[in-house]
Amino acid sequence: MEALVLSDVGHFDLVTLDDPIPGPGEVRIAVTESGICGSELGGFLGTDGLRKPGLVFGHEFVGVVDAYGPDVPVEQQLPPGASVTANPLRSCGICPICVAGHENVCPQRRLLGGHVHGSNAGLIVVSATAVHRVDHLSDPSSSVFAEPTACALRAVGRTRISAGGSALVIGAGPIGLLLLEVLRFRGVEHLFFTERVEGRVAAAEASGAKRLSDDPDALVRQLKELTRGLGADAVFDAVGSADTRTSATLAARPGGDVCFVGLHAADGVLPLRDLIRREVACTTSFAYRPDEFGQAVELLGRGELVFRGEVVHAALADGQHWYEQLIKGHPAGKVVLQPSNPGT
């Protein structure tokens, strides 16, 4: 099979690898679409601390069933050629963290394209229990966005935001756009966002959100003018820089929520005394639980959630070019790589 392998920091090679063999309880999927995630840009640059040279990236994908390994009951097997996606986050399922319902932060979790070879390849092997059939949905290909959508669903669920409220999303990259979509879907009435890349603004506005300044002082001033001097009920930082984390805390109303989602910077300083005096609840959100991934697949497939950013489709062989373009600031909301798979 063809695969895009990180041969060195900042460089991919398109190579031919042996076809993976599905083991007990596994299914092999012929990949048709594989999205580039923002976290993978850090891996490409050698800054994310997870992805290393020699790895095949990719954890957002759609494909078709190709083959099953042993020990998968026949009644649970989908027919060859069935359109599917799969939850790329594999947790142990038995540790106290998993049992408590926090599979997303299982200490033994493994991510496709992070710990093991991912979907920037013609074929990928996953646990049969991770697979979601999508060809019954009105838009099966939308499942390439299931993974980031699940992240957005979890982040919104980590706050107390409710229908009719107000929310600010800092950063309208892929996760920011999907946060706005989930908030819209949940009936949040007053949506605001910030974004420095002009090419992403229209997509955020299409979810019904109003753009505010990304200057910290101007942002807080504008937001308070629009919320009777209070600030937003919930603020989501989808960037993760020191500045945006501070802005997020200042933009929340007294008694409101701040959810930190972006991973750009490892550290930051927060105005804790101010947060305490205004009793602002700060939380974090990482990845998603299995049920949230399944919910994302269904909501996207039925068109109830829509990824509104610019989508670029490109051959897997052009992966190097598109990683470089995204790092340079190309406004595409998502680049989807398409492996060459004879017969799919």
# chains A, B, ... in the order shown; residues from 1 in each chain; ligands from 1
call {"tool": "residues_around", "arguments": {"residues": "Val56 of chain A", "least_positions_apart": "4", "cutoff": "10 Å", "atoms": "only C-alpha atoms", "output": "ChimeraX atom specification"}}
result
/A:3-7,12-13,51-52,112-121
call {"tool": "write_last_selection", "arguments": {"atoms": "N, CA, C and O atoms", "output": "compact mmCIF listing (two decimals), in the first residue's frame"}}
result
# COMPACT_ATOMS: atom_id res chain seq x y z
N ALA A 3 1.78 4.94 1.48
CA ALA A 3 1.66 5.58 2.79
C ALA A 3 2.54 6.82 2.82
O ALA A 3 3.61 6.86 2.20
N LEU A 4 2.07 7.83 3.54
CA LEU A 4 2.82 9.06 3.73
C LEU A 4 3.51 8.97 5.08
O LEU A 4 2.86 9.01 6.13
N VAL A 5 4.82 8.82 5.07
CA VAL A 5 5.59 8.58 6.29
C VAL A 5 6.43 9.80 6.63
O VAL A 5 7.10 10.38 5.75
N LEU A 6 6.41 10.21 7.90
CA LEU A 6 7.29 11.29 8.35
C LEU A 6 8.71 10.74 8.41
O LEU A 6 9.05 9.97 9.31
N SER A 7 9.53 11.11 7.44
CA SER A 7 10.90 10.58 7.41
C SER A 7 11.83 11.40 8.29
O SER A 7 12.85 10.89 8.78
N PHE A 12 7.87 14.59 4.70
CA PHE A 12 7.20 13.32 4.46
C PHE A 12 7.77 12.67 3.20
O PHE A 12 8.18 13.36 2.27
N ASP A 13 7.74 11.36 3.18
CA ASP A 13 8.03 10.59 1.96
C ASP A 13 6.83 9.72 1.65
O ASP A 13 6.24 9.10 2.55
N ARG A 51 4.30 12.67 18.15
CA ARG A 51 4.58 12.04 16.85
C ARG A 51 6.06 12.12 16.52
O ARG A 51 6.68 13.18 16.62
N LYS A 52 6.62 10.99 16.08
CA LYS A 52 8.06 10.89 15.82
C LYS A 52 8.29 10.43 14.38
O LYS A 52 7.42 9.81 13.76
N LEU A 112 -4.51 6.49 16.87
CA LEU A 112 -4.07 6.23 15.51
C LEU A 112 -3.35 7.48 14.98
O LEU A 112 -3.80 8.60 15.18
N GLY A 113 -2.25 7.27 14.31
CA GLY A 113 -1.51 8.40 13.77
C GLY A 113 -0.73 9.16 14.82
O GLY A 113 -0.12 10.19 14.51
N GLY A 114 -0.76 8.66 16.07
CA GLY A 114 0.01 9.28 17.14
C GLY A 114 0.95 8.27 17.77
O GLY A 114 2.16 8.46 17.84
N HIS A 115 0.35 7.16 18.23
CA HIS A 115 1.14 6.07 18.82
C HIS A 115 1.40 4.95 17.83
O HIS A 115 2.38 4.22 17.96
N VAL A 116 0.47 4.77 16.89
CA VAL A 116 0.59 3.72 15.88
C VAL A 116 0.26 4.32 14.52
O VAL A 116 -0.32 5.41 14.44
N HIS A 117 0.60 3.61 13.44
CA HIS A 117 0.34 4.12 12.10
C HIS A 117 -1.13 4.49 11.92
O HIS A 117 -2.04 3.77 12.35
N GLY A 118 -1.33 5.62 11.24
CA GLY A 118 -2.66 6.15 11.04
C GLY A 118 -3.16 6.06 9.61
O GLY A 118 -2.71 5.23 8.82
N SER A 119 -4.08 6.96 9.27
CA SER A 119 -4.89 6.83 8.06
C SER A 119 -4.33 7.53 6.83
O SER A 119 -4.99 7.53 5.79
N ASN A 120 -3.15 8.12 6.91
CA ASN A 120 -2.52 8.68 5.70
C ASN A 120 -1.86 7.55 4.93
O ASN A 120 -0.66 7.54 4.67
N ALA A 121 -2.69 6.57 4.57
CA ALA A 121 -2.21 5.35 3.92
C ALA A 121 -3.38 4.68 3.23
O ALA A 121 -4.55 5.00 3.49
call {"tool": "select_by_dssp", "arguments": {"residues": "segment 101-238 of chain A", "states": "strand (DSSP E or B)", "output": "PyMOL selection string"}}
result
chain A and resi 110-112+116+121+123-127+131-133+166-170+190-194+210-211+232-237
call {"tool": "write_last_selection", "arguments": {"atoms": "N, CA and C atoms", "output": "PDB file, in the first residue's frame"}}
result
ATOM      1  N   ARG A 110      -4.293   4.953  23.276  1.00  0.00           N
ATOM      2  CA  ARG A 110      -3.462   4.927  22.080  1.00  0.00           C
ATOM      3  C   ARG A 110      -4.228   5.609  20.950  1.00  0.00           C
ATOM      4  N   LEU A 111      -3.554   6.480  20.238  1.00  0.00           N
ATOM      5  CA  LEU A 111      -4.189   7.222  19.156  1.00  0.00           C
ATOM      6  C   LEU A 111      -3.617   6.797  17.812  1.00  0.00           C
ATOM      7  N   LEU A 112      -4.512   6.491  16.869  1.00  0.00           N
ATOM      8  CA  LEU A 112      -4.069   6.235  15.507  1.00  0.00           C
ATOM      9  C   LEU A 112      -3.354   7.479  14.976  1.00  0.00           C
ATOM     10  N   VAL A 116       0.473   4.769  16.895  1.00  0.00           N
ATOM     11  CA  VAL A 116       0.591   3.715  15.878  1.00  0.00           C
ATOM     12  C   VAL A 116       0.255   4.322  14.521  1.00  0.00           C
ATOM     13  N   ALA A 121      -2.689   6.567   4.575  1.00  0.00           N
ATOM     14  CA  ALA A 121      -2.206   5.352   3.923  1.00  0.00           C
ATOM     15  C   ALA A 121      -3.381   4.682   3.226  1.00  0.00           C
ATOM     16  N   LEU A 123      -4.365   1.585   3.553  1.00  0.00           N
ATOM     17  CA  LEU A 123      -5.072   0.655   4.438  1.00  0.00           C
ATOM     18  C   LEU A 123      -4.748   0.959   5.896  1.00  0.00           C
ATOM     19  N   ILE A 124      -5.717   0.704   6.760  1.00  0.00           N
ATOM     20  CA  ILE A 124      -5.501   0.892   8.184  1.00  0.00           C
ATOM     21  C   ILE A 124      -6.228  -0.224   8.931  1.00  0.00           C
ATOM     22  N   VAL A 125      -5.661  -0.650  10.057  1.00  0.00           N
ATOM     23  CA  VAL A 125      -6.261  -1.700  10.866  1.00  0.00           C
ATOM     24  C   VAL A 125      -6.704  -1.099  12.202  1.00  0.00           C
ATOM     25  N   VAL A 126      -7.965  -1.381  12.576  1.00  0.00           N
ATOM     26  CA  VAL A 126      -8.510  -0.888  13.839  1.00  0.00           C
ATOM     27  C   VAL A 126      -9.292  -2.006  14.515  1.00  0.00           C
ATOM     28  N   SER A 127      -9.622  -1.810  15.785  1.00  0.00           N
ATOM     29  CA  SER A 127     -10.487  -2.751  16.474  1.00  0.00           C
ATOM     30  C   SER A 127     -11.867  -2.734  15.822  1.00  0.00           C
ATOM     31  N   VAL A 131     -15.555   0.597  14.994  1.00  0.00           N
ATOM     32  CA  VAL A 131     -16.072   0.949  13.679  1.00  0.00           C
ATOM     33  C   VAL A 131     -17.509   1.456  13.760  1.00  0.00           C
ATOM     34  N   HIS A 132     -17.795   2.474  12.950  1.00  0.00           N
ATOM     35  CA  HIS A 132     -19.148   3.003  12.797  1.00  0.00           C
ATOM     36  C   HIS A 132     -19.518   2.944  11.318  1.00  0.00           C
ATOM     37  N   ARG A 133     -20.591   2.242  11.018  1.00  0.00           N
ATOM     38  CA  ARG A 133     -21.066   2.199   9.636  1.00  0.00           C
ATOM     39  C   ARG A 133     -21.721   3.531   9.291  1.00  0.00           C
ATOM     40  N   SER A 166     -25.271  33.021  25.946  1.00  0.00           N
ATOM     41  CA  SER A 166     -24.259  33.680  25.113  1.00  0.00           C
ATOM     42  C   SER A 166     -22.936  32.950  25.241  1.00  0.00           C
ATOM     43  N   ALA A 167     -22.203  32.880  24.135  1.00  0.00           N
ATOM     44  CA  ALA A 167     -20.923  32.175  24.150  1.00  0.00           C
ATOM     45  C   ALA A 167     -19.949  32.858  23.211  1.00  0.00           C
ATOM     46  N   LEU A 168     -18.678  32.836  23.602  1.00  0.00           N
ATOM     47  CA  LEU A 168     -17.578  33.358  22.793  1.00  0.00           C
ATOM     48  C   LEU A 168     -16.624  32.213  22.478  1.00  0.00           C
ATOM     49  N   VAL A 169     -16.245  32.092  21.212  1.00  0.00           N
ATOM     50  CA  VAL A 169     -15.234  31.131  20.790  1.00  0.00           C
ATOM     51  C   VAL A 169     -14.029  31.901  20.288  1.00  0.00           C
ATOM     52  N   ILE A 170     -12.886  31.691  20.911  1.00  0.00           N
ATOM     53  CA  ILE A 170     -11.655  32.365  20.508  1.00  0.00           C
ATOM     54  C   ILE A 170     -10.915  31.460  19.535  1.00  0.00           C
ATOM     55  N   HIS A 190     -26.749  33.933  21.461  1.00  0.00           N
ATOM     56  CA  HIS A 190     -25.791  34.995  21.142  1.00  0.00           C
ATOM     57  C   HIS A 190     -24.397  34.382  21.004  1.00  0.00           C
ATOM     58  N   LEU A 191     -23.928  34.282  19.764  1.00  0.00           N
ATOM     59  CA  LEU A 191     -22.638  33.661  19.469  1.00  0.00           C
ATOM     60  C   LEU A 191     -21.650  34.707  18.988  1.00  0.00           C
ATOM     61  N   PHE A 192     -20.442  34.652  19.546  1.00  0.00           N
ATOM     62  CA  PHE A 192     -19.369  35.578  19.175  1.00  0.00           C
ATOM     63  C   PHE A 192     -18.095  34.781  18.923  1.00  0.00           C
ATOM     64  N   PHE A 193     -17.209  35.345  18.104  1.00  0.00           N
ATOM     65  CA  PHE A 193     -15.941  34.667  17.841  1.00  0.00           C
ATOM     66  C   PHE A 193     -14.868  35.688  17.523  1.00  0.00           C
ATOM     67  N   THR A 194     -13.613  35.246  17.642  1.00  0.00           N
ATOM     68  CA  THR A 194     -12.480  36.028  17.169  1.00  0.00           C
ATOM     69  C   THR A 194     -11.700  35.174  16.180  1.00  0.00           C
ATOM     70  N   LYS A 210     -21.086  36.476  15.553  1.00  0.00           N
ATOM     71  CA  LYS A 210     -20.607  37.826  15.271  1.00  0.00           C
ATOM     72  C   LYS A 210     -19.127  37.919  15.597  1.00  0.00           C
ATOM     73  N   ARG A 211     -18.351  38.487  14.681  1.00  0.00           N
ATOM     74  CA  ARG A 211     -16.904  38.616  14.888  1.00  0.00           C
ATOM     75  C   ARG A 211     -16.597  39.788  15.810  1.00  0.00           C
ATOM     76  N   ALA A 232     -19.615  36.938  28.484  1.00  0.00           N
ATOM     77  CA  ALA A 232     -20.296  35.760  27.951  1.00  0.00           C
ATOM     78  C   ALA A 232     -20.569  34.724  29.032  1.00  0.00           C
ATOM     79  N   ASP A 233     -21.668  33.999  28.859  1.00  0.00           N
ATOM     80  CA  ASP A 233     -21.977  32.906  29.780  1.00  0.00           C
ATOM     81  C   ASP A 233     -20.891  31.838  29.744  1.00  0.00           C
ATOM     82  N   ALA A 234     -20.385  31.562  28.552  1.00  0.00           N
ATOM     83  CA  ALA A 234     -19.319  30.563  28.399  1.00  0.00           C
ATOM     84  C   ALA A 234     -18.337  31.042  27.349  1.00  0.00           C
ATOM     85  N   VAL A 235     -17.060  30.809  27.613  1.00  0.00           N
ATOM     86  CA  VAL A 235     -15.991  31.196  26.687  1.00  0.00           C
ATOM     87  C   VAL A 235     -15.148  29.957  26.404  1.00  0.00           C
ATOM     88  N   PHE A 236     -14.855  29.727  25.128  1.00  0.00           N
ATOM     89  CA  PHE A 236     -14.059  28.584  24.701  1.00  0.00           C
ATOM     90  C   PHE A 236     -12.796  29.086  24.016  1.00  0.00           C
ATOM     91  N   ASP A 237     -11.650  28.716  24.560  1.00  0.00           N
ATOM     92  CA  ASP A 237     -10.375  29.072  23.929  1.00  0.00           C
ATOM     93  C   ASP A 237      -9.940  27.917  23.041  1.00  0.00           C
TER      94      ASP A 237
END
call {"tool": "atom_distance", "arguments": {"atom1": "atom CA of Glu26 of chain A", "atom2": "atom CA of Val144 of chain A"}}
result
20.4 Å
call {"tool": "closest_residue", "arguments": {"among": "A:Leu137, A:Leu50, A:Ala172, A:Ala100", "to": "Ala206 of chain A", "atoms": "only C-alpha atoms"}}
result
A:Ala172
call {"tool": "atom_distance", "arguments": {"atom1": "atom CA of Arg186 of chain A", "atom2": "atom CA of Ile161 of chain A"}}
result
8.9 Å
call {"tool": "closest_residue", "arguments": {"among": "A:Asp8, A:Glu279, A:Val156, A:Val258", "to": "Gly187 of chain A", "atoms": "only C-alpha atoms"}}
result
A:Val156
call {"tool": "atom_distance", "arguments": {"atom1": "atom CA of Leu212 of chain A", "atom2": "atom CA of Ala146 of chain A"}}
result
27.8 Å
call {"tool": "closest_atom_pairs", "arguments": {"of": "segment 23-72 of chain A", "to": "segment 303-326 of chain A", "cutoff": "12 Å", "atoms": "only C-alpha atoms", "output": "CSV"}}
result
residue,atom,partner,partner_atom,distance
A:Val31,CA,A:Leu316,CA,10.8
A:Thr32,CA,A:Leu316,CA,10.1
A:Glu33,CA,A:His313,CA,8.5
A:Ser34,CA,A:Leu316,CA,8.7
A:Gly35,CA,A:His313,CA,9.0
A:Ile36,CA,A:Tyr323,CA,8.0
A:Cys37,CA,A:Tyr323,CA,9.9
A:Gly38,CA,A:Leu326,CA,8.8
A:Ser39,CA,A:Tyr323,CA,11.4
A:Glu40,CA,A:Tyr323,CA,8.8
A:Leu41,CA,A:Tyr323,CA,6.8
A:Gly42,CA,A:Tyr323,CA,10.2
A:Gly43,CA,A:Tyr323,CA,10.5
A:Phe44,CA,A:Tyr323,CA,7.7
A:Leu45,CA,A:Tyr323,CA,9.7
A:Val56,CA,A:Gly319,CA,11.5
A:Phe57,CA,A:Gly319,CA,10.5
A:Gly58,CA,A:Gly319,CA,11.1
call {"tool": "residues_around", "arguments": {"residues": "Val84 of chain A", "least_positions_apart": "3", "cutoff": "9 Å", "atoms": "only C-alpha atoms", "output": "VMD selection string"}}
result
chain A and resid 29 61 to 65 81 131 to 135 140 143
call {"tool": "write_last_selection", "arguments": {"atoms": "N, CA and C atoms", "output": "mmCIF file, in the first residue's frame"}}
result
data_model
loop_
_atom_site.group_PDB
_atom_site.id
_atom_site.type_symbol
_atom_site.label_atom_id
_atom_site.label_comp_id
_atom_site.auth_asym_id
_atom_site.auth_seq_id
_atom_site.Cartn_x
_atom_site.Cartn_y
_atom_site.Cartn_z
ATOM 1 N N ILE A 29 -9.452 -1.522 6.939
ATOM 2 C CA ILE A 29 -10.256 -0.549 6.200
ATOM 3 C C ILE A 29 -9.406 0.056 5.090
ATOM 4 N N PHE A 61 -10.831 9.923 9.391
ATOM 5 C CA PHE A 61 -10.888 9.224 8.110
ATOM 6 C C PHE A 61 -12.234 8.569 7.841
ATOM 7 N N VAL A 62 -12.436 8.301 6.565
ATOM 8 C CA VAL A 62 -13.555 7.508 6.074
ATOM 9 C C VAL A 62 -12.968 6.480 5.117
ATOM 10 N N GLY A 63 -13.561 5.304 5.091
ATOM 11 C CA GLY A 63 -13.083 4.273 4.172
ATOM 12 C C GLY A 63 -14.135 3.201 3.981
ATOM 13 N N VAL A 64 -13.707 2.058 3.467
ATOM 14 C CA VAL A 64 -14.615 0.929 3.259
ATOM 15 C C VAL A 64 -14.007 -0.330 3.863
ATOM 16 N N VAL A 65 -14.869 -1.202 4.350
ATOM 17 C CA VAL A 65 -14.418 -2.465 4.941
ATOM 18 C C VAL A 65 -13.687 -3.290 3.888
ATOM 19 N N GLY A 81 -16.741 -3.548 1.447
ATOM 20 C CA GLY A 81 -17.175 -2.373 0.708
ATOM 21 C C GLY A 81 -18.113 -1.460 1.463
ATOM 22 N N VAL A 131 -15.555 0.597 14.994
ATOM 23 C CA VAL A 131 -16.072 0.949 13.679
ATOM 24 C C VAL A 131 -17.509 1.456 13.760
ATOM 25 N N HIS A 132 -17.795 2.474 12.950
ATOM 26 C CA HIS A 132 -19.148 3.003 12.797
ATOM 27 C C HIS A 132 -19.518 2.944 11.318
ATOM 28 N N ARG A 133 -20.591 2.242 11.018
ATOM 29 C CA ARG A 133 -21.066 2.199 9.636
ATOM 30 C C ARG A 133 -21.721 3.531 9.291
ATOM 31 N N VAL A 134 -21.447 4.060 8.089
ATOM 32 C CA VAL A 134 -21.962 5.387 7.737
ATOM 33 C C VAL A 134 -22.723 5.414 6.424
ATOM 34 N N ASP A 135 -22.801 4.290 5.709
ATOM 35 C CA ASP A 135 -23.450 4.369 4.393
ATOM 36 C C ASP A 135 -24.974 4.474 4.486
ATOM 37 N N PRO A 140 -22.426 10.260 4.009
ATOM 38 C CA PRO A 140 -21.405 9.420 4.644
ATOM 39 C C PRO A 140 -20.030 10.070 4.720
ATOM 40 N N SER A 143 -18.349 12.061 7.719
ATOM 41 C CA SER A 143 -17.736 11.431 8.890
ATOM 42 C C SER A 143 -16.242 11.666 8.974
#
call {"tool": "residues_around", "arguments": {"residues": "Val261 of chain A", "least_positions_apart": "6", "cutoff": "7 Å", "atoms": "only C-alpha atoms", "output": "list in words"}}
result
Phe236, Asp237, Ala238, Gly240, Thr284, Ser285 and Phe286 of chain A
call {"tool": "closest_residue", "arguments": {"among": "A:Ala287, A:Gly10, A:Ala202, A:Ala163", "to": "Arg109 of chain A", "atoms": "only C-alpha atoms"}}
result
A:Ala287
call {"tool": "residues_around", "arguments": {"residues": "Asp267 of chain A", "least_positions_apart": "3", "cutoff": "12 Å", "atoms": "only C-alpha atoms", "output": "ChimeraX atom specification"}}
result
/A:240-246,260,262-264,270
call {"tool": "closest_residue", "arguments": {"among": "A:Arg228, A:His11, A:Arg90, A:Arg289", "to": "Ala128 of chain A", "atoms": "only C-alpha atoms"}}
result
A:Arg90
call {"tool": "residues_around", "arguments": {"residues": "Gly231 of chain A", "least_positions_apart": "5", "cutoff": "7 Å", "atoms": "only C-alpha atoms", "output": "list in words"}}
result
Leu223, Lys224, Ala251, Ala252 and Arg253 of chain A
call {"tool": "decode", "arguments": {"residues": "segment 157-175 of chain A", "atoms": "N, CA, C and O atoms", "output": "mmCIF file, in the first residue's frame"}}
result
data_model
loop_
_atom_site.group_PDB
_atom_site.id
_atom_site.type_symbol
_atom_site.label_atom_id
_atom_site.label_comp_id
_atom_site.auth_asym_id
_atom_site.auth_seq_id
_atom_site.Cartn_x
_atom_site.Cartn_y
_atom_site.Cartn_z
ATOM 1 N N GLY A 157 -20.165 20.326 26.241
ATOM 2 C CA GLY A 157 -20.771 19.599 27.343
ATOM 3 C C GLY A 157 -20.068 19.769 28.675
ATOM 4 O O GLY A 157 -20.648 19.470 29.729
ATOM 5 N N ARG A 158 -18.842 20.242 28.631
ATOM 6 C CA ARG A 158 -18.083 20.467 29.877
ATOM 7 C C ARG A 158 -18.480 21.776 30.563
ATOM 8 O O ARG A 158 -18.026 22.061 31.657
ATOM 9 N N THR A 159 -19.314 22.580 29.903
ATOM 10 C CA THR A 159 -19.760 23.845 30.481
ATOM 11 C C THR A 159 -21.247 23.767 30.803
ATOM 12 O O THR A 159 -21.921 22.798 30.481
ATOM 13 N N ARG A 160 -21.751 24.844 31.417
ATOM 14 C CA ARG A 160 -23.165 24.907 31.790
ATOM 15 C C ARG A 160 -23.977 25.717 30.798
ATOM 16 O O ARG A 160 -25.120 26.104 31.092
ATOM 17 N N ILE A 161 -23.438 25.984 29.620
ATOM 18 C CA ILE A 161 -24.129 26.793 28.627
ATOM 19 C C ILE A 161 -25.463 26.141 28.253
ATOM 20 O O ILE A 161 -25.556 24.917 28.155
ATOM 21 N N SER A 162 -26.482 26.964 28.066
ATOM 22 C CA SER A 162 -27.804 26.448 27.748
ATOM 23 C C SER A 162 -28.434 27.269 26.642
ATOM 24 O O SER A 162 -27.946 28.342 26.274
ATOM 25 N N ALA A 163 -29.536 26.766 26.104
ATOM 26 C CA ALA A 163 -30.247 27.466 25.045
ATOM 27 C C ALA A 163 -30.610 28.872 25.499
ATOM 28 O O ALA A 163 -31.010 29.096 26.645
ATOM 29 N N GLY A 164 -30.443 29.810 24.580
ATOM 30 C CA GLY A 164 -30.753 31.197 24.878
ATOM 31 C C GLY A 164 -29.614 31.992 25.467
ATOM 32 O O GLY A 164 -29.718 33.215 25.616
ATOM 33 N N GLY A 165 -28.513 31.329 25.806
ATOM 34 C CA GLY A 165 -27.386 32.011 26.438
ATOM 35 C C GLY A 165 -26.449 32.665 25.442
ATOM 36 O O GLY A 165 -26.759 32.835 24.254
ATOM 37 N N SER A 166 -25.271 33.021 25.946
ATOM 38 C CA SER A 166 -24.259 33.680 25.113
ATOM 39 C C SER A 166 -22.936 32.950 25.241
ATOM 40 O O SER A 166 -22.600 32.442 26.317
ATOM 41 N N ALA A 167 -22.203 32.880 24.135
ATOM 42 C CA ALA A 167 -20.923 32.175 24.150
ATOM 43 C C ALA A 167 -19.949 32.858 23.211
ATOM 44 O O ALA A 167 -20.319 33.368 22.146
ATOM 45 N N LEU A 168 -18.678 32.836 23.602
ATOM 46 C CA LEU A 168 -17.578 33.358 22.793
ATOM 47 C C LEU A 168 -16.624 32.213 22.478
ATOM 48 O O LEU A 168 -16.241 31.460 23.377
ATOM 49 N N VAL A 169 -16.245 32.092 21.212
ATOM 50 C CA VAL A 169 -15.234 31.131 20.790
ATOM 51 C C VAL A 169 -14.029 31.901 20.288
ATOM 52 O O VAL A 169 -14.146 32.710 19.358
ATOM 53 N N ILE A 170 -12.886 31.691 20.911
ATOM 54 C CA ILE A 170 -11.655 32.365 20.508
ATOM 55 C C ILE A 170 -10.915 31.460 19.535
ATOM 56 O O ILE A 170 -10.446 30.388 19.901
ATOM 57 N N GLY A 171 -10.859 31.894 18.272
ATOM 58 C CA GLY A 171 -10.203 31.129 17.217
ATOM 59 C C GLY A 171 -11.194 30.342 16.383
ATOM 60 O O GLY A 171 -11.920 29.496 16.905
ATOM 61 N N ALA A 172 -11.255 30.628 15.081
ATOM 62 C CA ALA A 172 -12.204 29.958 14.187
ATOM 63 C C ALA A 172 -11.492 29.008 13.238
ATOM 64 O O ALA A 172 -11.803 28.939 12.051
ATOM 65 N N GLY A 173 -10.508 28.267 13.784
ATOM 66 C CA GLY A 173 -9.948 27.150 13.046
ATOM 67 C C GLY A 173 -10.944 26.009 13.040
ATOM 68 O O GLY A 173 -12.116 26.187 13.406
ATOM 69 N N PRO A 174 -10.541 24.806 12.638
ATOM 70 C CA PRO A 174 -11.490 23.689 12.554
ATOM 71 C C PRO A 174 -12.258 23.428 13.842
ATOM 72 O O PRO A 174 -13.482 23.266 13.817
ATOM 73 N N ILE A 175 -11.568 23.375 14.983
ATOM 74 C CA ILE A 175 -12.267 23.127 16.247
ATOM 75 C C ILE A 175 -13.159 24.310 16.607
ATOM 76 O O ILE A 175 -14.297 24.132 17.059
#
